[in-house]
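Source file run_22.cif; content: mmCIF, C-alpha atoms and all ligand atoms.
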data_run
loop_
_atom_site.label_atom_id
_atom_site.label_comp_id
_atom_site.auth_asym_id
_atom_site.auth_seq_id
_atom_site.Cartn_x
_atom_site.Cartn_y
_atom_site.Cartn_z
CA MET A 266 -29.90 -12.94 -17.44
CA THR A 267 -26.60 -11.13 -17.21
CA PRO A 268 -26.89 -7.39 -17.79
CA GLU A 269 -25.84 -5.97 -21.10
CA LYS A 270 -22.35 -4.48 -21.11
CA ILE A 271 -22.00 -1.36 -23.22
CA GLY A 272 -18.79 0.53 -23.96
CA ILE A 273 -18.86 4.23 -24.75
CA LEU A 274 -16.12 5.83 -26.77
CA GLY A 275 -16.57 9.56 -27.06
CA GLY A 276 -14.48 11.98 -29.05
CA THR A 277 -14.50 14.81 -31.52
CA PHE A 278 -13.76 12.28 -34.27
CA ASP A 279 -12.51 14.97 -36.61
CA PRO A 280 -12.06 12.63 -38.40
CA ILE A 281 -12.50 9.16 -36.95
CA HIS A 282 -9.64 6.77 -37.80
CA TYR A 283 -8.25 3.30 -37.17
CA ALA A 284 -6.69 4.11 -33.79
CA HIS A 285 -10.18 4.98 -32.48
CA LEU A 286 -11.67 1.83 -33.97
CA LEU A 287 -8.89 -0.33 -32.65
CA LEU A 288 -9.42 1.09 -29.17
CA ALA A 289 -13.13 0.26 -29.37
CA GLU A 290 -12.27 -3.25 -30.47
CA GLU A 291 -9.71 -3.81 -27.71
CA ALA A 292 -12.11 -2.59 -25.04
CA LYS A 293 -14.83 -4.80 -26.40
CA SER A 294 -12.76 -7.93 -26.22
CA ALA A 295 -10.94 -7.16 -22.95
CA PHE A 296 -14.15 -6.52 -21.00
CA SER A 297 -16.43 -8.85 -22.98
CA LEU A 298 -18.65 -5.93 -23.97
CA ASP A 299 -21.79 -6.65 -25.95
CA LYS A 300 -21.32 -3.49 -27.92
CA VAL A 301 -19.46 -0.23 -28.14
CA LEU A 302 -21.15 3.09 -28.86
CA LEU A 303 -19.11 5.65 -30.73
CA MET A 304 -20.28 9.02 -29.47
CA PRO A 305 -19.18 12.04 -31.52
CA SER A 306 -19.21 15.12 -29.36
CA GLY A 307 -21.47 18.08 -29.94
CA HIS A 308 -20.43 21.60 -29.18
CA SER A 309 -17.15 21.65 -27.29
CA TYR A 310 -16.55 24.76 -25.27
CA MET A 311 -13.03 23.58 -24.46
CA LYS A 312 -11.94 23.34 -28.09
CA GLU A 313 -13.73 26.55 -28.88
CA GLU A 314 -11.88 28.37 -26.16
CA MET A 315 -8.61 27.14 -27.47
CA GLY A 316 -9.55 28.73 -30.78
CA LYS A 317 -9.87 25.44 -32.63
CA LYS A 318 -12.12 25.03 -35.57
CA VAL A 319 -14.15 21.83 -35.46
CA THR A 320 -15.74 20.27 -38.51
CA LYS A 321 -19.56 20.36 -38.77
CA ALA A 322 -21.23 17.85 -36.47
CA SER A 323 -23.17 16.27 -39.33
CA ASP A 324 -19.94 15.45 -41.19
CA ARG A 325 -18.26 14.00 -38.11
CA LEU A 326 -21.36 11.92 -37.39
CA THR A 327 -21.55 10.61 -40.95
CA MET A 328 -17.89 9.59 -40.89
CA ALA A 329 -18.40 7.73 -37.60
CA ARG A 330 -21.40 5.95 -39.11
CA LEU A 331 -19.47 5.02 -42.23
CA SER A 332 -16.70 3.52 -40.13
CA ALA A 333 -19.13 1.39 -38.10
CA LEU A 334 -21.03 0.17 -41.12
CA GLY A 335 -21.22 -3.62 -41.12
CA GLU A 336 -19.13 -3.95 -37.93
CA LYS A 337 -20.70 -6.27 -35.42
CA GLY A 338 -21.17 -4.72 -32.01
CA LEU A 339 -20.10 -1.26 -33.10
CA PHE A 340 -22.74 1.47 -33.08
CA VAL A 341 -22.87 5.23 -33.35
CA SER A 342 -24.93 7.46 -31.11
CA ASP A 343 -25.90 10.97 -32.11
CA MET A 344 -27.05 11.80 -28.60
CA GLU A 345 -24.38 14.41 -27.88
CA ILE A 346 -24.70 15.98 -31.28
CA ARG A 347 -28.46 16.31 -30.99
CA ARG A 348 -28.20 17.91 -27.57
CA GLU A 349 -28.22 21.68 -27.49
CA GLY A 350 -25.42 23.51 -25.77
CA ASN A 351 -22.23 22.02 -24.43
CA THR A 352 -21.45 18.35 -24.33
CA TYR A 353 -21.24 16.97 -20.82
CA THR A 354 -20.45 13.32 -20.23
CA ALA A 355 -22.47 13.31 -17.00
CA ASP A 356 -25.60 14.30 -18.94
CA THR A 357 -24.92 11.66 -21.56
CA LEU A 358 -24.54 8.91 -19.00
CA GLU A 359 -27.71 9.98 -17.20
CA ALA A 360 -29.66 9.87 -20.43
CA LEU A 361 -28.25 6.45 -21.31
CA ALA A 362 -28.97 5.05 -17.85
CA LYS A 363 -32.53 6.25 -18.14
CA GLU A 364 -32.96 4.66 -21.55
CA ASN A 365 -31.49 1.36 -20.47
CA PRO A 366 -31.29 1.11 -16.67
CA ASP A 367 -30.23 -2.53 -16.61
CA ALA A 368 -27.10 -2.11 -18.70
CA VAL A 369 -23.62 -1.71 -17.27
CA TYR A 370 -21.71 1.13 -18.93
CA TYR A 371 -17.98 1.22 -19.59
CA PHE A 372 -16.67 4.67 -20.38
CA ILE A 373 -13.47 4.39 -22.43
CA VAL A 374 -10.85 7.12 -22.00
CA GLY A 375 -7.17 7.72 -22.60
CA ALA A 376 -4.76 7.99 -19.68
CA ASP A 377 -4.27 11.73 -20.20
CA THR A 378 -8.01 12.29 -20.14
CA LEU A 379 -8.40 10.35 -16.91
CA CYS A 380 -5.94 12.67 -15.24
CA ASN A 381 -8.23 15.66 -15.61
CA MET A 382 -11.61 14.02 -15.27
CA HIS A 383 -11.96 15.42 -11.74
CA THR A 384 -12.35 18.84 -13.40
CA TRP A 385 -15.27 17.71 -15.56
CA TYR A 386 -18.88 18.61 -14.94
CA LYS A 387 -20.37 16.41 -12.14
CA PRO A 388 -17.58 13.81 -11.83
CA GLU A 389 -19.47 12.02 -9.06
CA THR A 390 -22.29 11.31 -11.52
CA ILE A 391 -19.89 10.02 -14.14
CA PHE A 392 -18.12 7.65 -11.76
CA ALA A 393 -21.40 6.44 -10.26
CA LEU A 394 -22.98 5.63 -13.61
CA ALA A 395 -20.08 4.06 -15.47
CA GLU A 396 -17.04 1.92 -14.98
CA ILE A 397 -13.98 3.50 -16.51
CA CYS A 398 -11.65 1.76 -18.96
CA VAL A 399 -8.44 3.66 -19.13
CA ALA A 400 -6.41 2.97 -22.23
CA VAL A 401 -2.75 2.72 -21.36
CA ARG A 402 -0.10 2.90 -24.01
CA GLU A 403 3.09 1.34 -22.73
CA ASP A 404 5.29 4.00 -24.23
CA GLN A 405 3.33 7.01 -23.15
CA VAL A 406 2.22 6.91 -19.61
CA GLU A 407 3.85 8.35 -16.61
CA GLU A 408 3.09 5.34 -14.48
CA GLU A 409 3.32 7.16 -11.16
CA ILE A 410 0.92 9.91 -12.12
CA LEU A 411 -1.53 7.42 -13.55
CA GLN A 412 -1.46 5.22 -10.44
CA GLU A 413 -1.91 8.26 -8.20
CA THR A 414 -4.83 9.48 -10.30
CA ILE A 415 -6.54 6.11 -10.20
CA GLU A 416 -6.16 5.89 -6.44
CA ARG A 417 -7.38 9.42 -5.89
CA LEU A 418 -10.49 8.90 -8.03
CA GLN A 419 -11.22 5.63 -6.26
CA ARG A 420 -10.86 7.32 -2.90
CA GLU A 421 -12.85 10.47 -3.69
CA TYR A 422 -15.59 9.10 -5.91
CA GLY A 423 -15.52 5.36 -5.45
CA ALA A 424 -14.56 5.21 -9.11
CA ARG A 425 -14.33 1.77 -10.69
CA ILE A 426 -11.34 1.97 -12.97
CA HIS A 427 -9.86 -0.75 -15.17
CA ARG A 428 -6.68 -0.58 -17.14
CA LEU A 429 -6.71 -1.48 -20.80
CA PRO A 430 -3.24 -1.97 -22.27
CA ILE A 431 -3.31 -0.91 -25.91
CA LEU A 432 -1.02 -0.89 -28.89
CA SER A 433 0.62 2.34 -29.70
CA VAL A 434 -0.59 3.33 -33.17
CA GLY A 435 0.77 6.57 -34.52
CA ILE A 436 -2.47 7.65 -36.17
CA SER A 437 -4.19 10.83 -35.05
CA SER A 438 -6.89 13.11 -36.42
CA THR A 439 -4.34 15.90 -36.70
CA LEU A 440 -2.09 13.69 -38.77
CA ILE A 441 -4.95 12.91 -41.13
CA ARG A 442 -6.00 16.55 -41.47
CA ASP A 443 -2.43 17.60 -42.22
CA ARG A 444 -1.96 14.90 -44.80
CA VAL A 445 -5.16 15.87 -46.57
CA ALA A 446 -4.11 19.52 -46.53
CA ARG A 447 -0.79 18.57 -48.10
CA GLY A 448 -2.48 16.39 -50.70
CA GLU A 449 -0.95 13.21 -49.27
CA SER A 450 -2.68 9.84 -49.10
CA ILE A 451 -4.70 8.81 -46.04
CA HIS A 452 -5.28 5.32 -47.36
CA PHE A 453 -5.09 2.66 -44.59
CA LEU A 454 -5.28 5.31 -41.86
CA THR A 455 -9.06 5.33 -41.74
CA PRO A 456 -11.68 3.07 -43.35
CA ALA A 457 -12.00 3.48 -47.10
CA ALA A 458 -15.55 4.83 -46.81
CA VAL A 459 -14.35 7.61 -44.51
CA GLU A 460 -11.45 8.36 -46.82
CA SER A 461 -13.81 8.73 -49.80
CA TYR A 462 -16.15 10.92 -47.80
CA ILE A 463 -13.33 13.27 -46.81
CA LEU A 464 -12.11 13.58 -50.36
CA GLU A 465 -15.55 13.95 -51.91
CA LYS A 466 -16.63 16.62 -49.46
CA GLY A 467 -13.28 18.37 -49.67
CA LEU A 468 -12.87 18.30 -45.88
CA TYR A 469 -9.58 19.51 -44.34
CA GLN A 470 -8.27 20.79 -47.65
CA ASP A 471 -7.57 24.26 -46.40
CA GLU A 472 -6.19 23.37 -43.03
CA LEU A 473 -2.77 24.13 -41.76
CA SER A 474 -2.48 22.92 -38.21
CA ASN A 475 1.16 23.12 -37.36
CA ARG A 476 2.85 24.66 -40.29
CA SER A 477 4.14 28.11 -39.70
CA ASN A 478 2.66 30.11 -42.52
CA LEU A 479 4.76 33.18 -42.03
CA PRO A 480 7.69 32.57 -44.34
CA THR A 481 11.08 33.66 -43.17
CA GLY A 482 14.29 34.46 -44.91
CA LEU A 483 15.02 35.51 -48.41
CA ILE A 484 15.30 32.53 -50.72
CA ASN A 485 17.77 34.26 -52.93
CA GLU A 486 19.42 37.61 -53.29
CA ASN A 487 17.57 39.77 -55.73
CA ILE A 488 15.29 37.45 -57.55
CA ALA A 489 13.79 38.46 -60.79
CA LEU A 490 12.14 35.43 -62.27
CA SER A 491 14.71 33.55 -64.21
CA ARG A 492 14.71 30.05 -65.54
CA GLU A 493 17.02 28.87 -62.78
CA ASN A 494 15.00 29.95 -59.76
CA ARG A 495 11.53 29.30 -61.14
CA LEU A 496 11.32 25.88 -59.50
CA GLU A 497 12.72 27.23 -56.26
CA ILE A 498 9.96 29.83 -56.16
CA VAL A 499 7.22 27.32 -56.89
CA HIS A 500 8.58 25.07 -54.18
CA LYS A 501 8.57 27.84 -51.60
CA VAL A 502 5.00 28.81 -52.53
CA GLU A 503 4.01 25.18 -52.05
CA GLU A 504 5.43 25.27 -48.54
CA ILE A 505 3.52 28.40 -47.62
CA LEU A 506 0.08 27.58 -49.02
CA PRO A 507 -2.45 24.81 -48.40
CA TYR A 508 -2.61 22.37 -51.28
CA LYS A 509 -5.73 23.71 -52.98
CA ARG A 510 -4.54 27.29 -52.83
CA PHE A 511 -1.18 26.22 -54.23
CA VAL A 512 -2.87 24.55 -57.20
CA HIS A 513 -4.96 27.70 -57.68
CA SER A 514 -1.74 29.75 -57.80
CA LEU A 515 -0.29 27.46 -60.47
CA GLY A 516 -3.50 27.92 -62.45
CA VAL A 517 -3.30 31.70 -62.19
CA ALA A 518 0.37 31.63 -63.21
CA GLY A 519 -0.30 29.52 -66.31
CA THR A 520 -3.31 31.60 -67.30
CA ALA A 521 -1.37 34.85 -66.83
CA TYR A 522 1.40 33.41 -69.00
CA ALA A 523 -1.03 32.56 -71.79
CA LEU A 524 -2.84 35.90 -71.61
CA SER A 525 0.54 37.65 -71.84
CA LEU A 526 1.35 35.84 -75.06
CA VAL A 527 -1.90 36.98 -76.60
CA HIS A 528 -1.80 40.57 -75.37
CA GLY A 529 1.88 41.31 -75.64
CA ALA A 530 2.94 41.39 -71.98
CA ASP A 531 6.06 39.72 -70.58
CA PRO A 532 4.88 36.15 -69.89
CA GLU A 533 7.57 35.33 -67.35
CA ARG A 534 6.83 38.32 -65.16
CA ALA A 535 3.10 37.62 -65.39
CA GLU A 536 3.72 34.02 -64.42
CA LEU A 537 5.72 35.09 -61.38
CA ALA A 538 2.93 37.43 -60.30
CA GLY A 539 0.55 34.47 -60.63
CA PHE A 540 2.69 32.15 -58.50
CA LEU A 541 2.96 34.74 -55.75
CA HIS A 542 -0.34 36.63 -55.79
CA ASP A 543 -1.98 34.78 -52.87
CA VAL A 544 1.03 34.17 -50.61
CA GLY A 545 -0.49 36.57 -48.05
CA LYS A 546 -3.74 34.65 -47.81
CA TYR A 547 -3.10 32.50 -44.76
CA LEU A 548 -1.39 34.88 -42.43
CA SER A 549 -3.30 35.71 -39.28
CA LYS A 550 -5.25 38.95 -39.40
CA GLU A 551 -2.75 40.55 -37.02
CA ASP A 552 0.20 39.54 -39.19
CA LYS A 553 -1.48 40.94 -42.29
CA ILE A 554 -2.14 44.26 -40.63
CA ARG A 555 1.34 44.40 -39.13
CA LEU A 556 3.11 43.58 -42.41
CA CYS A 557 1.16 46.28 -44.24
CA GLU A 558 1.66 48.95 -41.63
CA GLU A 559 5.34 48.20 -41.14
CA ASN A 560 5.86 48.60 -44.85
CA GLY A 561 4.10 51.84 -45.48
CA LEU A 562 0.84 50.42 -46.78
CA PRO A 563 -2.03 52.11 -44.91
CA VAL A 564 -4.84 49.79 -43.82
CA SER A 565 -8.32 51.24 -44.28
CA GLU A 566 -11.28 50.64 -41.96
CA ILE A 567 -12.97 48.35 -44.46
CA GLU A 568 -9.81 46.31 -44.91
CA ARG A 569 -9.45 46.00 -41.16
CA ASP A 570 -12.98 44.62 -40.91
CA ASN A 571 -12.64 42.33 -43.95
CA GLU A 572 -9.29 40.66 -43.65
CA GLU A 573 -9.96 38.92 -46.95
CA LEU A 574 -9.20 42.25 -48.58
CA LEU A 575 -5.84 42.54 -46.83
CA HIS A 576 -4.18 39.45 -48.27
CA ALA A 577 -3.32 41.22 -51.50
CA LYS A 578 -1.34 44.02 -49.85
CA ALA A 579 0.28 41.67 -47.34
CA GLY A 580 1.13 39.31 -50.19
CA ALA A 581 3.01 42.04 -52.01
CA VAL A 582 5.10 42.62 -48.88
CA ILE A 583 5.97 38.92 -48.69
CA ALA A 584 6.76 38.85 -52.40
CA ARG A 585 9.32 41.57 -51.78
CA GLN A 586 10.68 40.45 -48.42
CA THR A 587 10.72 36.70 -48.82
CA PHE A 588 10.93 36.21 -52.54
CA GLY A 589 13.08 39.24 -53.23
CA VAL A 590 10.83 40.61 -55.96
CA GLU A 591 11.77 44.20 -56.70
CA ASP A 592 9.84 44.64 -59.91
CA GLU A 593 7.40 47.39 -58.91
CA GLU A 594 4.81 46.45 -61.51
CA ILE A 595 4.66 42.86 -60.28
CA LEU A 596 4.33 44.08 -56.71
CA SER A 597 1.54 46.49 -57.55
CA ALA A 598 -0.28 43.81 -59.58
CA ILE A 599 -0.27 41.61 -56.48
CA ARG A 600 -1.32 44.53 -54.29
CA CYS A 601 -4.45 45.30 -56.35
CA HIS A 602 -5.42 41.79 -57.45
CA SER A 603 -8.61 41.57 -55.34
CA THR A 604 -10.21 44.96 -55.96
CA GLY A 605 -8.48 46.17 -59.11
CA LYS A 606 -7.78 49.89 -59.50
CA PRO A 607 -8.41 52.58 -62.07
CA ALA A 608 -5.97 52.78 -64.98
CA MET A 609 -4.33 49.41 -64.49
CA THR A 610 -1.24 48.46 -66.47
CA LEU A 611 -1.30 45.51 -68.83
CA LEU A 612 0.30 43.22 -66.27
CA GLU A 613 -2.05 44.33 -63.50
CA LYS A 614 -5.07 43.61 -65.68
CA ILE A 615 -3.72 40.23 -66.64
CA LEU A 616 -3.21 39.12 -63.05
CA TYR A 617 -6.62 40.40 -61.99
CA ILE A 618 -8.33 38.51 -64.81
CA ALA A 619 -6.22 35.34 -64.53
CA ASP A 620 -7.17 35.08 -60.85
CA TYR A 621 -10.83 34.99 -61.83
CA ILE A 622 -10.68 32.67 -64.82
CA GLU A 623 -7.91 30.14 -64.03
CA PRO A 624 -8.93 26.55 -64.82
CA GLY A 625 -9.67 25.60 -61.21
CA ARG A 626 -12.40 28.22 -60.82
CA ASN A 627 -15.89 26.90 -61.46
CA LEU A 628 -18.41 28.81 -59.39
CA ALA A 629 -19.06 32.00 -61.31
CA LYS A 630 -21.90 31.66 -63.81
CA ARG A 631 -20.50 33.60 -66.74
CA LEU A 632 -17.05 31.98 -66.63
CA PRO A 633 -17.07 30.43 -70.12
CA GLU A 634 -18.05 33.76 -71.64
CA ILE A 635 -15.53 35.72 -69.57
CA ARG A 636 -12.75 33.25 -70.41
CA LYS A 637 -13.32 33.79 -74.10
CA ALA A 638 -13.49 37.54 -73.73
CA ALA A 639 -10.20 37.58 -71.80
CA PHE A 640 -8.30 36.33 -74.83
CA ARG A 641 -9.99 38.84 -77.11
CA ASP A 642 -10.30 42.08 -75.15
CA LEU A 643 -8.90 42.56 -71.64
CA ASP A 644 -11.03 45.60 -70.81
CA GLU A 645 -14.20 43.81 -71.77
CA ALA A 646 -13.30 40.86 -69.53
CA LEU A 647 -12.35 43.26 -66.75
CA LEU A 648 -15.76 44.93 -66.85
CA MET A 649 -17.61 41.64 -66.83
CA ILE A 650 -15.65 40.44 -63.81
CA LEU A 651 -16.09 43.70 -61.91
CA SER A 652 -19.78 43.79 -62.63
CA ASP A 653 -20.30 40.17 -61.56
CA THR A 654 -18.16 40.62 -58.44
CA LEU A 655 -20.18 43.68 -57.39
CA THR A 656 -23.44 41.82 -57.98
CA TYR A 657 -22.15 38.90 -55.95
CA LEU A 658 -20.98 41.11 -53.07
CA ARG A 659 -24.32 42.95 -52.95
CA LEU A 660 -26.15 39.63 -52.94
CA LYS A 661 -24.03 38.48 -50.01
CA GLU A 662 -24.50 41.86 -48.38
CA ALA A 663 -20.73 42.05 -48.01
CA PRO A 664 -19.26 45.52 -47.52
CA ILE A 665 -17.85 46.81 -50.77
CA ASP A 666 -14.40 48.35 -50.91
CA PRO A 667 -14.61 51.79 -52.56
CA MET A 668 -11.67 50.73 -54.74
CA THR A 669 -13.80 48.00 -56.34
CA GLU A 670 -16.50 50.57 -57.19
CA GLU A 671 -13.99 53.11 -58.48
CA THR A 672 -12.40 50.52 -60.72
CA TYR A 673 -15.76 49.55 -62.12
CA ALA A 674 -16.76 53.18 -62.73
CA TYR A 675 -13.43 53.89 -64.38
CA TYR A 676 -13.66 51.04 -66.87
CA GLN A 677 -17.28 51.67 -67.61
CA GLN A 678 -16.48 55.25 -68.52
CA SER A 679 -13.49 54.37 -70.64
CA LYS A 680 -15.52 51.88 -72.61
O1 LIG B 1 -7.75 35.29 -53.23
P1 LIG B 1 -8.69 34.68 -54.21
O2 LIG B 1 -9.74 33.86 -53.56
O3 LIG B 1 -7.98 33.93 -55.27
O4 LIG B 1 -9.47 35.85 -54.96
P2 LIG B 1 -9.41 37.42 -54.73
O5 LIG B 1 -8.08 37.81 -54.26
O6 LIG B 1 -9.90 38.06 -56.00
O7 LIG B 1 -10.42 37.85 -53.67
C1 LIG B 1 -11.07 37.14 -52.75
C2 LIG B 1 -12.39 37.80 -52.45
O8 LIG B 1 -12.31 39.19 -52.40
C3 LIG B 1 -13.45 37.46 -53.45
O9 LIG B 1 -14.43 36.65 -52.81
C4 LIG B 1 -14.04 38.77 -53.87
C5 LIG B 1 -13.59 39.65 -52.74
N1 LIG B 1 -13.69 41.08 -53.03
C6 LIG B 1 -13.35 41.76 -54.13
N2 LIG B 1 -13.72 43.03 -54.01
C7 LIG B 1 -14.30 43.16 -52.79
C8 LIG B 1 -14.27 41.92 -52.16
N3 LIG B 1 -14.78 41.70 -50.91
C9 LIG B 1 -15.35 42.73 -50.27
N4 LIG B 1 -15.86 42.55 -49.05
N5 LIG B 1 -15.43 43.97 -50.83
C10 LIG B 1 -14.92 44.24 -52.07
O10 LIG B 1 -15.02 45.37 -52.54
FE FE B 2 -6.33 36.62 -53.83
FE FE B 3 -6.17 34.16 -56.09
#
Could you quickly redo this structure as structure tokens?
Amino acid sequence: MTPEKIGILGGTFDPIHYAHLLLAEEAKSAFSLDKVLLMPSGHSYMKEEMGKKVTKASDRLTMARLSALGEKGLFVSDMEIRREGNTYTADTLEALAKENPDAVYYFIVGADTLCNMHTWYKPETIFALAEICVAVREDQVEEEILQETIERLQREYGARIHRLPILSVGISSTLIRDRVARGESIHFLTPAAVESYILEKGLYQDELSNRSNLPTGLINENIALSRENRLEIVHKVEEILPYKRFVHSLGVAGTAYALSLVHGADPERAELAGFLHDVGKYLSKEDKIRLCEENGLPVSEIERDNEELLHAKAGAVIARQTFGVEDEEILSAIRCHSTGKPAMTLLEKILYIADYIEPGRNLAKRLPEIRKAAFRDLDEALLMILSDTLTYLRLKEAPIDPMTEETYAYYQQSK
């Protein structure tokens, strides 16, 4: 009986897509493999060190399983995910060899990966336990470096390395994450079941991998919201924010507009505050602190420790610097939209409330009641929101900004 030939394709698979599956397929047919194991990685100290956020292992595993469903000869192993601690290929191969000592293993890697495999944990074990299939894309490889690497690994470890010429397919996990974050289609980039899973679970919605989220340059001299630049502003906000946050901002703007009509505020200024209120949300913590301090907004200890609280102040700075807003009431409404403050103006109250009740919000329990109250009596809605927010923060054991407490006390007294 000829020994079973098993390919192993490891990866973060965040998410898995057709270029991965095509690679598995090509390896399978080129080396007459009986099967290929997709092996999503567990904890990766390398990615972690580079400050990358990796999606939960259970989600990555499920997506790999969905993509292999019904495919002959394609299986998924959760071995690396189940293992505690870091993922080491040498350990994986040892475990596999123990499970199935008669099989011949083919470890599938890209050319760039091969070039640093000598730095991996126990390379001698890896090369002893598996043959290596190195995927070579015609357009990508520095042939000389690759040939040198192959020869060096053969010499030093007796590595058995085979080349696998593959098609160059421009699909990557980064591409998919970015498209999801921008609300673009990922149809035909990954199997339909994976696509549905991503959308249903809301994965990658908030990600911004390459976009610079620190806006530069004034879009216009001296903007006060006017009918002509309204679209320009919305467009710029769309560029700065992840898709879901952008839609949230539109919701806040529309709600603030409607509340203004009912309560006699200026709807266009309220709408502008709504569009812009969260533009500071996705700056790095350092940028938020820097923007505030450079612009005369002191950063308190609690804000420093809870950067979530800083996005309002930083957002007001961006509204002024990038969007040219000089209307002090709009700027202060943005500045206090997370915590509120005592004695808020009409516009400030409207933004604070609109942020909580806009149509996309659905988590807070009393929302239907608060939504109704908002169109009847702003102060009543304000108190309900403050009270529920404080309850929620205490429940989470999150530190409470004194401003949130002061605001609550103020409106309770003035009731
Ligand atoms: O930016 P959004 O998500 O649209 O909403 P937001 O600006 O109102 O605030 C985001 C978070 O800020 C929200 O989860 C509630 C929280 N927050 C409000 N007051 C306090 C607070 N968080 C802490 N830690 N302490 C507070 O006093
Ligand atoms: Fe906010
Ligand atoms: Fe918001």
Inset, instruction - Could you jot down the CA of His513 in chain A to CA of Glu449 in chain A separation for me, Å, one decimal place? - result: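 Atom-to-atom, CA of His513 in chain A and CA of Glu449 in chain A are spaced 17.2 Å apart.
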Inset, instruction - Please identify all polymer residues within 9 Å of Ser297 in chain A, counting only C-alpha atoms, omitting same-chain residues fewer than 4 positions from it, and present them as a PyMOL selection string. - result: chain A and resi 270+292-293
Residues from the last selection, C-alpha atoms, saved as a CSV table (one decimal), in the coordinates of the input:
chain,number,residue,atom,x,y,z
A,270,LYS,CA,-22.4,-4.5,-21.1
A,292,ALA,CA,-12.1,-2.6,-25.0
A,293,LYS,CA,-14.8,-4.8,-26.4
Let me have the centre and edge lengths in Å, one decimal, of the box along x, y and z around every listed atom of range 521-531 of chain A with 3 Å of margin on each side, as lines of an AutoDock Vina configuration file.
center_x = 1.6
center_y = 37.0
center_z = -71.7
size_x = 14.9
size_y = 14.8
size_z = 15.8
Legend entry - Within 8 Å of ligand FE 2 (chain B) (all atoms listed in the file), residues as a ChimeraX atom specification: /A:542-543,546,576-577,602-603,620
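Between ligand LIG 1 (chain B) and the residues A:Leu515, A:Leu548, A:Ile665, A:Leu496, the shortest atom-to-atom distance, using all atoms listed in the file, involves A:Ile665.
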